[in-house]
Each structure stands twice: as structure tokens, then as C-alpha cells.
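File shown: work.cif (mmCIF, C-alpha atoms and all ligand atoms).
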```
data_protein
loop_
_atom_site.label_atom_id
_atom_site.label_comp_id
_atom_site.auth_asym_id
_atom_site.auth_seq_id
_atom_site.Cartn_x
_atom_site.Cartn_y
_atom_site.Cartn_z
CA MET A 23 -4.86 6.22 12.64
CA SER A 24 -3.97 5.53 9.01
CA THR A 25 -3.89 1.97 7.70
CA THR A 26 -0.55 0.32 7.01
CA ALA A 27 0.92 1.67 3.78
CA THR A 28 0.81 -1.05 1.14
CA ALA A 29 2.81 -0.97 -2.07
CA PRO A 30 0.42 -0.64 -5.02
CA SER A 31 1.92 -3.70 -6.71
CA SER A 32 1.12 -6.06 -3.81
CA VAL A 33 -2.41 -4.68 -3.54
CA GLN A 34 -2.83 -5.17 -7.28
CA THR A 35 -1.59 -8.76 -7.11
CA LEU A 36 -4.01 -9.64 -4.30
CA GLU A 37 -6.87 -7.89 -6.06
CA ALA A 38 -6.16 -9.74 -9.29
CA GLN A 39 -6.47 -13.02 -7.39
CA HIS A 40 -9.37 -12.34 -5.07
CA ILE A 41 -11.62 -9.54 -6.36
CA LEU A 42 -14.30 -9.95 -9.02
CA GLN A 43 -12.75 -8.23 -12.01
CA VAL A 44 -15.46 -5.72 -12.86
CA TYR A 45 -13.49 -2.49 -12.37
CA ARG A 46 -10.68 -0.87 -14.33
CA ARG A 47 -8.79 0.76 -11.49
CA THR A 48 -6.04 3.36 -11.77
CA PRO A 49 -2.94 1.69 -10.27
CA VAL A 50 -2.75 3.81 -7.14
CA VAL A 51 -3.60 3.27 -3.47
CA PHE A 52 -5.05 6.11 -1.43
CA ASP A 53 -5.06 5.64 2.30
CA ARG A 54 -5.73 9.15 3.56
CA GLY A 55 -7.83 12.17 2.71
CA GLU A 56 -7.83 15.79 3.89
CA GLY A 57 -10.62 18.07 2.71
CA SER A 58 -10.36 18.38 -1.07
CA TYR A 59 -7.24 16.18 -1.24
CA LEU A 60 -6.56 12.45 -1.39
CA ILE A 61 -3.09 11.21 -0.46
CA THR A 62 -1.47 8.06 -1.85
CA THR A 63 0.53 5.57 0.19
CA GLU A 64 3.59 7.14 -1.41
CA GLY A 65 2.62 10.59 -0.15
CA LYS A 66 1.41 12.09 -3.43
CA ARG A 67 -1.38 14.66 -2.81
CA CYS A 68 -4.16 14.76 -5.40
CA LEU A 69 -6.82 17.41 -5.66
CA ASP A 70 -10.03 15.37 -5.73
CA PHE A 71 -12.48 16.74 -8.31
CA ILE A 72 -14.44 13.50 -8.64
CA SER A 73 -15.06 12.84 -4.89
CA GLY A 74 -15.64 9.10 -5.15
CA VAL A 75 -18.04 9.68 -8.07
CA GLY A 76 -20.03 12.45 -6.47
CA VAL A 77 -20.21 10.97 -2.99
CA VAL A 78 -17.74 12.72 -0.67
CA SER A 79 -19.79 15.90 -0.56
CA LEU A 80 -18.29 17.29 2.64
CA GLY A 81 -14.69 16.54 1.70
CA HIS A 82 -12.40 13.88 3.11
CA ALA A 83 -12.00 13.37 6.86
CA ASN A 84 -14.62 16.02 7.56
CA PRO A 85 -14.35 16.72 11.32
CA ALA A 86 -18.11 17.16 11.96
CA LEU A 87 -18.94 13.95 10.09
CA ALA A 88 -16.11 12.02 11.78
CA ALA A 89 -17.28 13.17 15.23
CA ALA A 90 -20.91 12.25 14.48
CA ILE A 91 -19.95 8.81 13.16
CA ALA A 92 -17.73 8.15 16.19
CA ASP A 93 -20.46 9.30 18.55
CA GLN A 94 -23.10 7.21 16.80
CA SER A 95 -20.89 4.12 16.83
CA ARG A 96 -20.47 4.49 20.59
CA THR A 97 -24.25 4.84 21.02
CA LEU A 98 -26.05 2.58 18.52
CA LEU A 99 -25.28 1.72 14.88
CA HIS A 100 -28.05 -0.57 13.75
CA THR A 101 -31.30 -2.05 14.94
CA SER A 102 -32.89 -3.06 11.56
CA ASN A 103 -36.29 -1.93 10.36
CA LEU A 104 -38.03 -4.24 12.85
CA PHE A 105 -38.00 -1.34 15.33
CA PHE A 106 -38.27 2.43 15.50
CA HIS A 107 -35.24 4.62 16.05
CA PRO A 108 -35.13 8.37 16.52
CA LEU A 109 -33.34 9.46 13.33
CA GLN A 110 -35.14 8.02 10.27
CA ALA A 111 -38.24 10.17 10.58
CA GLU A 112 -36.06 13.23 11.16
CA VAL A 113 -34.16 12.67 7.90
CA ALA A 114 -37.42 11.89 6.07
CA THR A 115 -39.03 15.10 7.37
CA ARG A 116 -36.06 17.19 6.24
CA LEU A 117 -36.02 15.51 2.82
CA GLY A 118 -39.76 16.08 2.52
CA GLU A 119 -39.24 19.81 3.08
CA LEU A 120 -36.43 19.93 0.54
CA THR A 121 -38.06 17.86 -2.22
CA GLY A 122 -41.76 18.65 -1.75
CA LEU A 123 -42.47 14.91 -1.63
CA ASP A 124 -44.14 13.28 1.33
CA ARG A 125 -42.63 9.92 2.24
CA ALA A 126 -39.22 8.24 2.20
CA PHE A 127 -37.98 4.70 1.80
CA PHE A 128 -34.38 4.25 2.95
CA CYS A 129 -31.90 1.96 1.23
CA ASN A 130 -28.14 1.89 0.70
CA SER A 131 -27.34 2.97 -2.85
CA GLY A 132 -28.59 4.77 -5.91
CA THR A 133 -29.58 1.64 -7.78
CA GLU A 134 -31.68 0.48 -4.84
CA ALA A 135 -33.43 3.86 -4.73
CA VAL A 136 -34.23 3.49 -8.44
CA GLU A 137 -35.46 -0.08 -7.88
CA ALA A 138 -37.83 1.15 -5.17
CA CYS A 139 -39.17 3.83 -7.52
CA LEU A 140 -39.70 1.32 -10.34
CA LYS A 141 -41.46 -1.10 -8.01
CA PHE A 142 -43.76 1.45 -6.42
CA ALA A 143 -44.73 2.98 -9.75
CA ARG A 144 -46.13 -0.44 -10.71
CA ARG A 145 -47.47 -1.03 -7.20
CA TYR A 146 -49.48 2.16 -7.47
CA TRP A 147 -51.24 1.10 -10.69
CA HIS A 148 -51.74 -2.42 -9.36
CA SER A 149 -53.51 -1.03 -6.30
CA LYS A 150 -55.81 0.94 -8.62
CA GLY A 151 -56.69 -2.23 -10.54
CA GLU A 152 -54.88 -0.96 -13.65
CA THR A 153 -52.74 -4.05 -13.93
CA SER A 154 -51.86 -3.49 -17.59
CA ARG A 155 -50.04 -0.25 -16.69
CA THR A 156 -46.58 -1.80 -16.59
CA LYS A 157 -44.63 0.10 -19.25
CA TYR A 158 -41.66 2.27 -18.35
CA ILE A 159 -40.38 4.98 -20.65
CA ALA A 160 -36.69 5.81 -20.36
CA PHE A 161 -34.28 7.91 -22.44
CA SER A 162 -31.33 7.42 -24.76
CA HIS A 163 -28.02 7.70 -22.87
CA ALA A 164 -29.80 7.09 -19.55
CA PHE A 165 -27.95 5.43 -16.69
CA HIS A 166 -29.93 4.31 -13.64
CA GLY A 167 -27.76 1.60 -12.08
CA ARG A 168 -26.78 -2.01 -12.54
CA THR A 169 -29.30 -4.14 -10.66
CA MET A 170 -31.83 -5.88 -12.91
CA GLY A 171 -34.60 -3.27 -12.70
CA SER A 172 -32.42 -0.19 -13.00
CA LEU A 173 -30.34 -1.93 -15.68
CA SER A 174 -33.54 -2.50 -17.64
CA VAL A 175 -34.07 1.29 -17.88
CA THR A 176 -30.37 1.96 -18.53
CA TRP A 177 -29.74 2.66 -22.20
CA ASP A 178 -26.23 1.49 -23.08
CA ASP A 179 -26.31 -1.97 -24.64
CA HIS A 180 -22.78 -2.61 -23.42
CA TYR A 181 -24.16 -2.81 -19.83
CA ARG A 182 -27.39 -4.59 -20.79
CA ALA A 183 -26.63 -7.25 -23.39
CA PRO A 184 -24.69 -9.76 -21.23
CA PHE A 185 -27.54 -9.91 -18.72
CA ALA A 186 -30.53 -10.34 -21.03
CA PRO A 187 -33.39 -10.92 -20.72
CA LEU A 188 -34.05 -7.83 -18.65
CA ILE A 189 -37.48 -6.78 -17.41
CA PRO A 190 -39.84 -6.36 -20.35
CA ASN A 191 -41.95 -3.39 -21.41
CA VAL A 192 -39.31 -0.67 -21.40
CA VAL A 193 -39.38 1.82 -24.29
CA PHE A 194 -36.44 4.15 -24.91
CA VAL A 195 -37.06 7.58 -26.38
CA ASP A 196 -34.47 9.89 -27.94
CA THR A 197 -33.52 12.48 -25.30
CA ASN A 198 -33.78 15.27 -27.88
CA ASP A 199 -37.12 14.26 -29.40
CA PRO A 200 -40.10 15.56 -27.40
CA ALA A 201 -42.51 14.39 -30.14
CA ALA A 202 -41.22 10.81 -29.79
CA LEU A 203 -42.01 10.95 -26.08
CA ALA A 204 -45.55 12.12 -26.75
CA ALA A 205 -45.97 9.25 -29.21
CA ALA A 206 -44.54 6.62 -26.84
CA VAL A 207 -46.65 7.44 -23.80
CA ASP A 208 -50.04 5.73 -23.55
CA GLY A 209 -52.59 4.36 -21.12
CA ASN A 210 -50.33 1.38 -20.38
CA THR A 211 -47.44 3.54 -19.19
CA ALA A 212 -46.70 3.14 -15.50
CA ALA A 213 -43.95 5.75 -15.39
CA ILE A 214 -41.46 7.87 -17.25
CA ILE A 215 -38.02 7.76 -15.67
CA VAL A 216 -35.56 10.59 -16.28
CA GLU A 217 -32.23 11.88 -15.01
CA PRO A 218 -32.75 15.67 -15.08
CA ILE A 219 -29.03 15.90 -15.87
CA GLN A 220 -27.72 12.69 -17.37
CA GLY A 221 -24.52 11.88 -15.52
CA GLU A 222 -22.91 8.75 -16.95
CA GLY A 223 -24.44 9.65 -20.33
CA GLY A 224 -22.08 12.63 -20.61
CA VAL A 225 -23.39 15.34 -18.23
CA ARG A 226 -26.33 16.26 -20.47
CA PRO A 227 -29.07 18.39 -18.94
CA ILE A 228 -32.56 17.57 -20.21
CA SER A 229 -33.71 20.48 -22.41
CA SER A 230 -36.56 22.72 -21.31
CA ASP A 231 -38.53 21.47 -24.34
CA MET A 232 -38.13 17.88 -23.18
CA ALA A 233 -38.99 18.85 -19.60
CA ALA A 234 -42.21 20.43 -20.87
CA ALA A 235 -42.93 17.35 -22.99
CA ILE A 236 -42.43 15.09 -19.96
CA GLU A 237 -44.85 17.15 -17.87
CA GLY A 238 -47.33 17.19 -20.76
CA ALA A 239 -47.07 13.43 -21.34
CA CYS A 240 -47.64 12.70 -17.65
CA ALA A 241 -50.63 15.04 -17.55
CA SER A 242 -52.26 13.59 -20.66
CA SER A 243 -51.67 9.89 -19.91
CA GLY A 244 -51.66 9.82 -16.12
CA ALA A 245 -48.21 8.19 -16.17
CA LEU A 246 -46.11 8.78 -13.06
CA LEU A 247 -42.82 10.63 -13.24
CA ILE A 248 -39.69 9.19 -11.62
CA ALA A 249 -36.79 11.64 -11.34
CA ASP A 250 -33.47 9.88 -10.84
CA GLU A 251 -31.56 12.55 -8.92
CA VAL A 252 -28.93 10.16 -7.56
CA GLN A 253 -26.18 12.23 -9.20
CA SER A 254 -27.83 15.60 -9.94
CA GLY A 255 -29.71 15.87 -6.62
CA SER A 256 -28.88 16.58 -2.98
CA GLY A 257 -27.88 20.15 -3.77
CA ARG A 258 -25.07 19.48 -6.27
CA THR A 259 -26.44 21.88 -8.88
CA GLY A 260 -27.46 24.63 -6.45
CA ALA A 261 -31.12 23.54 -6.14
CA PHE A 262 -31.82 20.52 -3.94
CA LEU A 263 -33.21 18.71 -7.00
CA TYR A 264 -32.37 19.69 -10.56
CA SER A 265 -36.02 18.79 -11.34
CA GLN A 266 -36.94 21.96 -9.46
CA THR A 267 -34.81 24.03 -11.84
CA LEU A 268 -36.44 22.38 -14.86
CA GLY A 269 -39.99 22.78 -13.54
CA LEU A 270 -40.52 19.01 -13.34
CA THR A 271 -42.94 17.72 -10.70
CA PRO A 272 -41.92 14.11 -10.06
CA ASP A 273 -44.12 11.66 -8.17
CA LEU A 274 -41.10 9.60 -7.16
CA VAL A 275 -37.46 10.68 -6.70
CA ALA A 276 -34.32 8.56 -6.28
CA LEU A 277 -31.48 9.99 -4.18
CA GLY A 278 -28.06 8.66 -3.15
CA LYS A 279 -24.39 9.56 -3.57
CA ALA A 280 -23.79 12.98 -1.90
CA LEU A 281 -26.55 12.49 0.67
CA GLY A 282 -24.45 10.23 2.91
CA ALA A 283 -21.21 12.18 2.37
CA GLY A 284 -19.34 8.85 2.13
CA VAL A 285 -21.62 6.63 4.23
CA PRO A 286 -23.84 4.49 1.93
CA VAL A 287 -27.29 6.10 1.87
CA GLY A 288 -30.01 5.75 -0.76
CA VAL A 289 -33.52 7.15 -0.50
CA ALA A 290 -36.64 6.86 -2.65
CA MET A 291 -39.14 9.68 -2.08
CA PHE A 292 -42.85 9.40 -2.93
CA THR A 293 -45.94 11.57 -3.00
CA ASN A 294 -48.62 10.53 -0.52
CA GLU A 295 -50.73 9.42 -3.47
CA VAL A 296 -48.10 6.91 -4.68
CA ALA A 297 -47.10 5.92 -1.15
CA SER A 298 -50.71 5.12 -0.24
CA ALA A 299 -50.41 1.94 -2.32
CA ALA A 300 -47.64 0.51 -0.14
CA ALA A 301 -48.36 -2.23 2.37
CA PRO A 302 -46.08 -3.97 4.90
CA GLY A 303 -43.93 -6.57 3.15
CA ASP A 304 -44.04 -4.89 -0.27
CA HIS A 305 -40.41 -3.84 0.01
CA GLY A 306 -37.63 -3.72 2.57
CA SER A 307 -33.96 -3.46 3.39
CA THR A 308 -32.01 -4.88 6.31
CA TYR A 309 -29.58 -1.97 6.53
CA GLY A 310 -31.62 0.80 4.91
CA GLY A 311 -31.81 3.96 7.00
CA ASN A 312 -29.94 2.58 10.00
CA LEU A 313 -28.71 4.97 12.67
CA LEU A 314 -25.26 5.37 11.15
CA ALA A 315 -26.67 6.20 7.71
CA CYS A 316 -29.24 8.63 9.11
CA ARG A 317 -26.70 10.34 11.35
CA ALA A 318 -24.42 10.91 8.35
CA ALA A 319 -27.34 12.22 6.27
CA LEU A 320 -28.25 14.65 9.06
CA VAL A 321 -24.68 15.98 9.19
CA PHE A 322 -24.84 16.44 5.43
CA LEU A 323 -28.25 18.17 5.52
CA ASP A 324 -27.10 20.48 8.34
CA ALA A 325 -24.02 21.44 6.33
CA LEU A 326 -26.06 22.00 3.16
CA ALA A 327 -28.45 24.27 5.05
CA SER A 328 -25.63 26.59 6.10
CA SER A 329 -25.51 29.83 4.18
CA ASP A 330 -21.71 29.73 4.33
CA LEU A 331 -21.56 26.43 2.41
CA GLN A 332 -24.17 27.62 -0.08
CA ALA A 333 -22.19 30.81 -0.69
CA SER A 334 -18.88 29.01 -1.12
CA MET A 335 -20.46 26.42 -3.46
CA ALA A 336 -21.94 29.20 -5.59
CA SER A 337 -18.64 31.04 -5.63
CA ALA A 338 -16.67 27.92 -6.62
CA ALA A 339 -19.22 27.06 -9.34
CA ALA A 340 -19.09 30.58 -10.77
CA ARG A 341 -15.28 30.59 -10.68
CA LEU A 342 -15.20 27.25 -12.48
CA GLY A 343 -17.63 28.56 -15.10
CA LYS A 344 -15.49 31.66 -15.69
CA GLY A 345 -12.37 29.52 -15.85
CA PHE A 346 -13.90 27.21 -18.47
CA CYS A 347 -15.03 30.14 -20.60
CA ALA A 348 -11.46 31.41 -20.68
CA MET A 349 -10.10 27.88 -21.25
CA MET A 350 -12.40 27.34 -24.24
CA GLY A 351 -10.88 30.40 -25.89
CA ARG A 352 -7.40 28.92 -25.52
CA VAL A 353 -8.08 25.19 -26.08
CA PRO A 354 -9.87 24.39 -29.37
CA ALA A 355 -10.18 20.72 -28.32
CA ILE A 356 -12.94 21.74 -25.87
CA ARG A 357 -16.19 21.42 -27.81
CA GLU A 358 -18.62 22.26 -25.05
CA VAL A 359 -18.83 22.65 -21.27
CA ARG A 360 -22.12 21.34 -19.83
CA GLY A 361 -23.81 20.91 -16.48
CA LYS A 362 -24.75 23.08 -13.56
CA GLY A 363 -23.20 24.03 -10.23
CA LEU A 364 -20.70 21.35 -9.20
CA MET A 365 -21.75 18.79 -11.86
CA ILE A 366 -19.69 19.59 -14.93
CA GLY A 367 -18.86 17.81 -18.19
CA ILE A 368 -16.22 19.02 -20.62
CA ASP A 369 -16.84 17.57 -24.06
CA LEU A 370 -13.64 17.18 -26.08
CA THR A 371 -12.91 16.53 -29.72
CA PHE A 372 -11.04 13.31 -28.76
CA ASP A 373 -11.44 10.38 -26.37
CA ALA A 374 -11.05 11.69 -22.81
CA THR A 375 -9.37 8.56 -21.39
CA PRO A 376 -5.79 9.90 -21.59
CA VAL A 377 -6.88 13.20 -20.03
CA VAL A 378 -7.75 11.35 -16.82
CA ALA A 379 -4.26 9.80 -16.68
CA ALA A 380 -2.57 13.11 -17.58
CA ALA A 381 -4.55 14.91 -14.87
CA PHE A 382 -3.60 12.26 -12.30
CA GLU A 383 0.09 12.68 -13.21
CA ARG A 384 -0.36 16.38 -12.47
CA GLY A 385 -2.13 15.70 -9.15
CA LEU A 386 -5.78 16.17 -10.18
CA LEU A 387 -8.50 13.49 -9.96
CA ILE A 388 -11.27 13.59 -12.55
CA ASN A 389 -12.97 10.92 -14.62
CA ARG A 390 -14.25 10.23 -18.09
CA THR A 391 -17.80 9.51 -19.04
CA SER A 392 -19.39 8.89 -22.42
CA SER A 393 -16.07 8.59 -24.31
CA THR A 394 -15.21 12.25 -25.02
CA VAL A 395 -16.41 13.85 -21.79
CA VAL A 396 -14.27 14.75 -18.78
CA ARG A 397 -16.49 14.84 -15.71
CA LEU A 398 -16.02 16.93 -12.58
CA LEU A 399 -18.00 16.19 -9.40
CA PRO A 400 -15.94 17.95 -6.73
CA PRO A 401 -16.81 17.98 -3.02
CA TYR A 402 -19.28 20.73 -2.04
CA THR A 403 -16.60 22.04 0.33
CA ILE A 404 -14.15 23.12 -2.39
CA ILE A 405 -12.97 26.67 -2.03
CA ASP A 406 -11.85 29.22 -4.62
CA ALA A 407 -8.21 28.26 -4.01
CA ASP A 408 -9.01 24.66 -5.01
CA VAL A 409 -10.62 25.90 -8.21
CA ASP A 410 -7.60 28.09 -8.95
CA ALA A 411 -5.30 25.11 -8.39
CA ALA A 412 -7.40 22.70 -10.46
CA LEU A 413 -8.03 24.77 -13.60
CA PRO A 414 -4.42 25.02 -14.86
CA LEU A 415 -3.81 21.33 -14.08
CA LEU A 416 -6.87 20.38 -16.10
CA GLU A 417 -6.01 22.64 -19.01
CA ASP A 418 -2.49 21.30 -19.09
CA ALA A 419 -3.78 17.71 -19.01
CA ILE A 420 -6.25 18.33 -21.87
CA VAL A 421 -3.59 20.02 -23.99
CA ALA A 422 -1.01 17.27 -23.34
CA ALA A 423 -3.48 14.43 -24.01
CA GLY A 424 -4.72 16.20 -27.13
CA ARG A 425 -1.16 16.52 -28.42
CA ASP A 426 -0.52 12.81 -27.81
CA SER A 427 -3.80 11.80 -29.48
CA LYS A 428 -2.69 13.29 -32.83
C1 LIG B 1 -28.27 8.82 -12.15
C2 LIG B 1 -27.79 7.59 -11.43
N1 LIG B 1 -28.68 6.70 -10.98
C3 LIG B 1 -28.31 5.60 -10.33
C4 LIG B 1 -26.98 5.33 -10.10
C5 LIG B 1 -26.58 4.09 -9.35
O1 LIG B 1 -26.08 4.45 -8.09
P1 LIG B 1 -25.22 3.42 -7.23
O2 LIG B 1 -23.94 3.20 -7.95
O3 LIG B 1 -25.06 4.10 -5.90
O4 LIG B 1 -26.03 2.18 -7.11
C6 LIG B 1 -26.01 6.23 -10.55
C7 LIG B 1 -24.58 5.95 -10.35
O5 LIG B 1 -23.71 6.51 -10.96
C8 LIG B 1 -26.42 7.39 -11.24
O6 LIG B 1 -25.55 8.28 -11.69
#
```

Structure rendered as C-alpha cells:
Amino acid sequence: MSTTATAPSSVQTLEAQHILQVYRRTPVVFDRGEGSYLITTEGKRCLDFISGVGVVSLGHANPALAAAIADQSRTLLHTSNLFFHPLQAEVATRLGELTGLDRAFFCNSGTEAVEACLKFARRYWHSKGETSRTKYIAFSHAFHGRTMGSLSVTWDDHYRAPFAPLIPNVVFVDTNDPAALAAAVDGNTAAIIVEPIQGEGGVRPISSDMAAAIEGACASSGALLIADEVQSGSGRTGAFLYSQTLGLTPDLVALGKALGAGVPVGVAMFTNEVASAAAPGDHGSTYGGNLLACRAALVFLDALASSDLQASMASAAARLGKGFCAMMGRVPAIREVRGKGLMIGIDLTFDATPVVAAAFERGLLINRTSSTVVRLLPPYTIIDADVDAALPLLEDAIVAAGRDSK
């Protein structure tokens, strides 16, 4: 049953009084979703090409997910990590097969997955007696989350400065300077952390030169590699991890977003070598990997394994790519289209903020990242018809916003 329709203005008034003001929300209330569409309280249908920032991978109100969640809630939702339950090891086994890593730690968000990776990179060196190996190397434009550890390896000073001092011993390297990475890595480096495609930083894939430099730096210094695949992973680009496409061999991987299809799920994956340092009490989470979260992840992993979904994702991605090629010929304000599969950034010659509003007016949900970039993270379940509906709305929005920006 849908919730009571609430006028946006009354929701906004209550929010202004009672909610910590850390978000700039579009003044709209959605209370229903159907597949690729979100529906406002006033009945406006919007084609959702941002999917709750890359989360709603199976579309809204997915029947298989809804049935599994209902079934799980009638059976058992949560027991904590004080006890065994039947689903955590099953999800971990499946993720092991997909990532090539051996062990999983379950949490509830991307930032927590990154925190676990940062902690266990240091834990590993501590267990080896190399207690001076505490340095992390991160990249310009990196975004890894907003808790203190992941914020410390996030690049943008706008997020960092108000919360200083952050954790020490983090060195940032220019994403396009492989030589700078080689110079920064040394025998005190615990880990290099990288988003194989930077998401918040403007949908920027790491170059093959930088990928090779990362592998080389890890090999020569012994530093561990953490791949933050919270946004680029879980199949969004076609491969389960974009690291696999780049030839990176991470020791630790952070996952989140699409993996729970809307239910909060975060996972840190480790090689056996790194995981061997862990001891009871080193880390934990009350909710992490509870039955509800694992059940949702299993529904997602089942769906992702289906050849039908893989084929329709590939078809939608190819259709989008073709559409953007044609659009670039018509719209000079498009500087570049970046990304892979269903993670796409359209870099414009002007600030993308008004494009988001213009697209919403036309019934398309997208967002802006890194000032001039329009980002698309549609559900994996989009079909060719959704792509055909979205492309003209987006082009129209870019053209209209570009006109207004002059
Ligand atoms: C690459 C990356 N890492 C970490 C995070 C943090 O995830 P969460 O917001 O679920 O904590 C994000 C969120 O956008 C992300 O894109």
C-alpha cells in the first residue's frame, strides 16, 4: 500500500525544522516506484536514470526482491553477528567466485566497506611487525565516503576541511601522473586506494598507464591495493569489478550500492593473506550481513547471473553509447562522454546544475557530479525503450540549460 500523499511544501517545512541540513534536495516527494520509473505524490512519472545514486539495481518495486524481503521478514530478519545464520556464507561464497578474493566482511554502506579496507590494510602490516607501514596513497578527485577514515582518503577539500584533523599519513597523487605514484610509494606504504572509475570525481576511468603503474608500485614496494568498487563494481560496467577490466589485482575490495538493490549492504573483500591478520574483536557491525541484507544480495546476485539481464544490460549500454555519439554531433556543449556500461558521465562546457533541473522538468532523473558532469547510473533492468525515451529528454535538457547559461 502506498504511503499517504503529502504535499511537498509540508514535507519541506517539517524537514527544515527536524532534519540535519546536510542535503540539497530537489523539492519533490516520490512515494512510489515501478521498474525504471519513480512517481511523485502529484502523479508525475519520472524515468529514473540515477537509481538512488547507483543503488536500485533491479528497478523499483522489483517483484522478486519484494517477495524475498516479505518472506524473509516473516521468517527472521536479524540475529546479530553473535550467531551463525544460513545466508552470510552463501553470499560470501558467491562474491568470492565473482571477485577472486577469499573472505568477506559485511557492513551496511560503502563508507563502512572502505573503513574496513583501510583498517585491515594496517592490521595486516601490524601483524607482520611492520608497524611503520601506515601510509595510504590516494588519488586526486577521489571520493571514498564521509566517515573519518574514508574522508581522510577523499580528495576534495570542501568535504575535508571542516572536519580536520583527519587521519594522518595520507598522500594524494595526481590521477594522470604514473611517475608521481612511483615516487610516492615506499616501504612505509600500507596501501594504495583507488576507484577504478572515479564516480563523484566526474566518472573518470583510471587510465591503463595508471593501472600498470599501480600494479608496478604494489609489486615493487609490497604495498597492498584497495579497490573501491562501491560505485563501479557489482556488475555495473559489464564486468563484476571494473578492476578486472583494467587488469588490477586488488588485495582488498569495497562494495556497496547496487549489491543490495535498495537494501543497505556493504561488503569488504580480502585475500586470505590479508584476512589471516584478523582476530575476533578487531572489527564488527551490529547489523552487517543480517538475514534481510543477505537475502536482498542473493536476489541481486541471482538476477545478475541471468543471461537475460546480462544481454539486456549490454544492449542498453550499447544503445546509450550510440545515442551519445549521435548527440555529440548535434550538441557542441558536450565535451566528452566517459564511463563504461551503465556508469556514464557527460562532460559539458558549462556547469551541469541546471541540466538536472531541466531534465526533471521533462521527466528524467539524473544528477550532476564534479561541476560540469551529468551522471547516469540507471537501474540494470532498463530496457531499450527506456533508453529511447531518455535520450531525447536528456538532449533537450542539455540544449535548454546551455541556452539559459549564455
Ligand atoms: C566510490 C565510492 N566509495 C564510497 C562511497 C560511500 O558510499 P556510502 O554513501 O554508501 O557510504 C561512495 C558513495 O558515493 C562511492 O561512490

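Taking atom CA of A:Val207 and atom CA of A:Trp147 as endpoints, the distance between them is 15.3 Å.
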
Against ligand LIG 1 (chain B), which residues of chain A fall within 8 Å? For each one I want the closest pair of atoms and the distance in Å (one decimal), counting all atoms listed in the file, rows by chain and increasing residue number, as CSV.
```
residue,atom,partner,partner_atom,distance
A:Val75,CA,B:LIG1,O5,7.1
A:Asn130,CA,B:LIG1,O3,7.6
A:Ser131,CA,B:LIG1,O3,4.0
A:Gly132,CA,B:LIG1,O1,3.3
A:Thr133,CA,B:LIG1,O4,3.7
A:Glu134,CA,B:LIG1,O4,6.3
A:Ala135,CA,B:LIG1,C3,7.8
A:Val136,CA,B:LIG1,C3,6.6
A:Ala164,CA,B:LIG1,C1,7.8
A:Phe165,CA,B:LIG1,C1,5.7
A:His166,CA,B:LIG1,N1,3.8
A:Gly167,CA,B:LIG1,C5,3.9
A:Arg168,CA,B:LIG1,C5,6.9
A:Thr169,CA,B:LIG1,O4,8.0
A:Ser172,CA,B:LIG1,C3,7.6
A:Glu217,CA,B:LIG1,C1,5.8
A:Gln220,CA,B:LIG1,C1,6.5
A:Gly221,CA,B:LIG1,O6,5.4
A:Glu222,CA,B:LIG1,O6,5.9
A:Asp250,CA,B:LIG1,C1,5.5
A:Glu251,CA,B:LIG1,C1,5.9
A:Val252,CA,B:LIG1,C2,4.8
A:Gln253,CA,B:LIG1,O6,4.7
A:Ser254,CA,B:LIG1,C1,7.1
A:Ala276,CA,B:LIG1,N1,7.6
A:Gly278,CA,B:LIG1,O3,6.1
A:Lys279,CA,B:LIG1,O3,6.0
A:Pro286,CA,B:LIG1,O3,7.9
A:Gly288,CA,B:LIG1,O3,7.3
```

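Distances to A:Ile388 were evaluated for A:Ile404, A:Val359, A:Ile189, A:Ala419 using all atoms listed in the file, and the minimum falls at A:Ala419.
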
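In terms of minimum interatomic distance to A:Gly260, A:Ala338 ranks closest within A:Ala338, A:Ala300, A:Leu277, A:Leu415, counting all atoms listed in the file.
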
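Distances from A:Leu140, A:Ala241, A:Val195, A:Ala283 to A:Leu326 were compared using all atoms listed in the file, and the smallest one belongs to A:Ala283.
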
Please put the answer as lines of an AutoDock Vina configuration file: centre and edge lengths, in Å with one decimal, of a box along x, y and z that encloses all listed atoms of stretch 162-180 of chain A plus 5 Å on each side.
```
center_x = -28.7
center_y = 0.9
center_z = -17.7
size_x = 21.8
size_y = 23.6
size_z = 24.1
```
